[in-house]
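Novice: Structure below; questions to follow.
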Amino acid sequence: MEFEDFKDLPEEAEQGTPTQSLDQRPVIQDLRTGRKYPIPSYPLFIGREKYSSICIPVPAISRRHAKIFEREGVFYIQDMGSINGTFVNDKRILDPIALKEGDRVKVGVTKKYPKGAREFIFKSNVSEEERLEKEKNEERDRILKEVGVTPGPAESKKIVLRHCVFNVAKKELVAIFKAEEYHRVPLLKLDIGHSMLSFLDLSSFRVRDTVTMSLEHPRLPEPLKITLRILGVNPKPVYGIIEHKCLIIKISEKHKAILENMIVLSDMICYMTSRRLSDSIPPADPS
Amino acid sequence: MSFRAIVQPLGTAIPDAPKNTVEYQLELVKLIKNQLKQVKNSEYIGEEKGKTIFAAQIEHSSFLTELQEFAASIDETNIEEIYKGNQQTRFNHLIEIRNNVGIYLPVFFFFPMRIALRNDALPIFVGSTPKLYTELQELATSLKPQDKLELNITSDSFVAAEEDLEDYEATYEGMQHFWPIFSFVVLENLVKKSLQNKLPIILWSL
């Protein structure tokens, strides 16, 4: 594909460009930092200017150095008339050039930066296997739509427990008249099989207190309510943190089913370990 | 765009800020205290007036972003998903601050707060320096910044103009994770100053 005039170059997304989430878009990866920049459906600018999509605050880079854009499903890179040039696979480019998987892009090659002020690699981000799988899923979704069937919750992706938010409130008689005041806490353990749970907090509940825990995530149909009885409190050595060990005394069948079907209970990563907390006091300033 | 950070009492005017900002700061102190009561922590937050202990100025538009992305990758999370609330992270005080604007208080609390001033559209991020320090310690095991990078940080300031950044880049050319390590070293310095002096860190972009 050739562009005869700079006016031909698109500034906006092409009409009819299929919308994809950024996760599915091709990326240009900075080889130095490892950072991946998804290429949106509109042009991505590389430059020293602060509004650039990839801002490189180095004098070797021109204010508007290069841009990457999509046309008819092909990704092109164009030098914007930079002083120190744009190179694709070590060849300086003057006209827009189509990018292929694994192409190396260097910008701002000077004496100080013989390898370029920045080097990027173009990745289409979709392997052939993933592309076929995607096509297969799209075909299946199209057929399901045609026959009026939509995938149910069982088919939806599961939520990882550590991505949920946990709030607790003391369950008191007064709660019948007044809304319980929940506050967020980090969960340490959840063992549904043994009906055990533990969480950290800065304030201490008393042993035998009854506490309501609300488990929330944007993809859950409603917050899951679990009633707990505090079995033990264990103060940590720093910052007044207290570990609360609890027994799960009540969870409705409906919420239990949601918990088991929609949430991956393994893969729990604690927010912090006591060892980390002990390490978390920096040495005194010698000055 | 330039990144600025200072370690100083909240009651002291922020350099280059308009005069009425002090009123906002005092209003903010009140709101922060209320919020801290709710998380059961009513410790000192360094609100009195006093001098600036440490100031940093870096001419880098996305100073924290690359460190945040590195932390998110360690945690197998995605920054956009975290901002949308679909994912939670161990590094919440590091990652949830957006656009390099916010305040870190020298008191411990588990989750960052967002405090909206009456007339402001966007709530202000309020994090905890002790918690941020634990997150940096956790990151250090993967990033291993020790002895890798020597920055010209004095006892009370760190200034990196575009030319300085270019020199650092040239000096450490080929270093893996250069920008995350750079941000780590500067941020760790700010956090240590904050904890040692029990003063907040105020961050903003110009």
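Numbering starts fresh at 1 for the residues of each chain in the structure tokens, the chains themselves are lettered A, B, ... in the order given, and ligands are numbered from 1 as they appear.
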How close does each residue of stretch 128-194 of chain B get to stretch 46-63 of chain B, giving the shortest atom pair and distance in Å to one decimal for every residue with an atom at most 6 Å away, counting only C-alpha atoms, sorted by chain and residue number, as JSON lines?

Specialist:
```
{"residue": "B:Asp156", "atom": "CA", "partner": "B:Phe54", "partner_atom": "CA", "distance": 4.4}
{"residue": "B:Ser157", "atom": "CA", "partner": "B:Ala55", "partner_atom": "CA", "distance": 4.7}
{"residue": "B:Phe158", "atom": "CA", "partner": "B:Ala56", "partner_atom": "CA", "distance": 4.6}
{"residue": "B:Val159", "atom": "CA", "partner": "B:Gln57", "partner_atom": "CA", "distance": 4.8}
{"residue": "B:Ala160", "atom": "CA", "partner": "B:Ile58", "partner_atom": "CA", "distance": 4.8}
{"residue": "B:Ala161", "atom": "CA", "partner": "B:Glu59", "partner_atom": "CA", "distance": 5.3}
{"residue": "B:Glu162", "atom": "CA", "partner": "B:Glu59", "partner_atom": "CA", "distance": 5.7}
```

Novice: I need the residues in stretch 116-202 of chain B that are alpha helix (DSSP H) according to DSSP; give them as a count of residues only.

Specialist: 45

Novice: At what distance in Å, to one decimal, does atom CA of B:Val186 lie from atom CA of B:Ile153?

Specialist: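 Straight-line distance from atom CA of B:Ile153 to atom CA of B:Val186 works out to 8.3 Å.
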
Novice: Pick the closest to A:Val211 from A:Ile251, A:Leu197, A:Val238, A:Ala169: which is it, counting only C-alpha atoms?

Specialist: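 Checking each of A:Ile251, A:Leu197, A:Val238, A:Ala169 against A:Val211, counting only C-alpha atoms, the winner is A:Ala169.
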
Novice: Define the interface residues of chain B facing chain A as those within 8 Å, counting only C-alpha atoms, and report them as a PyMOL selection string.

Specialist: chain B and resi 1+38-41+59-61+66+69+85-90+108-111+130-131+133-134+137-138+162-163+165-166+170+174-180+192-193+195-196

Novice: Based on the selection just made, write C-alpha atoms of those residues as a PDB file, in the first residue's frame.

Specialist:
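Output contents, as saved in again-v6.pdb:
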```
ATOM      1  CA  MET B   1       5.429  17.242  32.086  1.00  0.00           C
ATOM      2  CA  GLN B  38     -13.245   5.346  60.158  1.00  0.00           C
ATOM      3  CA  VAL B  39     -10.320   3.031  59.508  1.00  0.00           C
ATOM      4  CA  LYS B  40      -9.683   3.106  63.283  1.00  0.00           C
ATOM      5  CA  ASN B  41      -6.419   4.952  63.016  1.00  0.00           C
ATOM      6  CA  GLU B  59      11.220  15.993  34.101  1.00  0.00           C
ATOM      7  CA  HIS B  60       9.552  12.739  33.224  1.00  0.00           C
ATOM      8  CA  SER B  61       5.888  12.577  32.278  1.00  0.00           C
ATOM      9  CA  GLU B  66       6.680   2.092  34.583  1.00  0.00           C
ATOM     10  CA  GLU B  69       3.368  -1.576  35.510  1.00  0.00           C
ATOM     11  CA  GLY B  85     -12.046  -2.367  40.350  1.00  0.00           C
ATOM     12  CA  ASN B  86     -12.039  -5.765  38.640  1.00  0.00           C
ATOM     13  CA  GLN B  87      -8.732  -6.748  40.212  1.00  0.00           C
ATOM     14  CA  GLN B  88      -7.038  -6.114  43.542  1.00  0.00           C
ATOM     15  CA  THR B  89      -3.312  -5.977  44.117  1.00  0.00           C
ATOM     16  CA  ARG B  90      -0.807  -6.399  46.913  1.00  0.00           C
ATOM     17  CA  PHE B 108      -0.341   2.787  58.594  1.00  0.00           C
ATOM     18  CA  PHE B 109      -3.606   1.766  56.981  1.00  0.00           C
ATOM     19  CA  PHE B 110      -4.344  -1.147  54.670  1.00  0.00           C
ATOM     20  CA  PHE B 111      -6.150   0.431  51.733  1.00  0.00           C
ATOM     21  CA  PRO B 130       4.524   2.514  55.933  1.00  0.00           C
ATOM     22  CA  LYS B 131       2.342   0.361  53.661  1.00  0.00           C
ATOM     23  CA  TYR B 133       7.398   0.911  52.151  1.00  0.00           C
ATOM     24  CA  THR B 134       6.330  -2.724  52.650  1.00  0.00           C
ATOM     25  CA  GLN B 137      10.417  -4.018  50.061  1.00  0.00           C
ATOM     26  CA  GLU B 138       8.345  -6.720  48.389  1.00  0.00           C
ATOM     27  CA  GLU B 162      15.797  16.300  30.729  1.00  0.00           C
ATOM     28  CA  GLU B 163      19.574  16.443  30.206  1.00  0.00           C
ATOM     29  CA  LEU B 165      17.757  11.897  32.535  1.00  0.00           C
ATOM     30  CA  GLU B 166      19.476  11.583  29.185  1.00  0.00           C
ATOM     31  CA  ALA B 170      23.283   6.812  28.529  1.00  0.00           C
ATOM     32  CA  GLY B 174      21.393  -1.772  28.470  1.00  0.00           C
ATOM     33  CA  MET B 175      20.291  -2.049  32.108  1.00  0.00           C
ATOM     34  CA  GLN B 176      17.190  -4.162  32.392  1.00  0.00           C
ATOM     35  CA  HIS B 177      14.216  -2.358  33.979  1.00  0.00           C
ATOM     36  CA  PHE B 178      16.089   0.952  34.070  1.00  0.00           C
ATOM     37  CA  TRP B 179      13.005   3.162  34.529  1.00  0.00           C
ATOM     38  CA  PRO B 180      11.290   1.021  37.173  1.00  0.00           C
ATOM     39  CA  LYS B 192      12.351   6.819  54.076  1.00  0.00           C
ATOM     40  CA  LYS B 193      12.423  10.598  54.606  1.00  0.00           C
ATOM     41  CA  LEU B 195       8.946   7.737  57.863  1.00  0.00           C
ATOM     42  CA  GLN B 196      12.065   9.034  59.574  1.00  0.00           C
TER      43      GLN B 196
END
```

Novice: Would you mind listing what lies within 7 Å of A:Leu44 as a PyMOL selection string, with only C-alpha atoms counted and same-chain residues fewer than 5 positions away left out?

Specialist: chain A and resi 39+53+67-69

Novice: Next, write the just-selected residues to a file, as a short mmCIF file (atom, residue, chain, number, x, y, z; two decimals), in the first residue's frame, keeping C-alpha atoms as the atom set.

Specialist:
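selection-v4.cif, freshly written:
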```cif
data_model
loop_
_atom_site.label_atom_id
_atom_site.label_comp_id
_atom_site.auth_asym_id
_atom_site.auth_seq_id
_atom_site.Cartn_x
_atom_site.Cartn_y
_atom_site.Cartn_z
CA ILE A 39 -1.67 0.12 19.41
CA SER A 53 1.31 8.30 23.48
CA LYS A 67 3.52 7.53 14.41
CA ILE A 68 2.04 4.07 14.10
CA PHE A 69 -1.40 3.62 12.63
#
```

Novice: Between B:Leu10, B:Ile97, B:Ile79, B:Leu139, single out the one closest to B:Leu28, counting only C-alpha atoms.

Specialist: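 Of all the options, B:Leu10 lies closest to B:Leu28.
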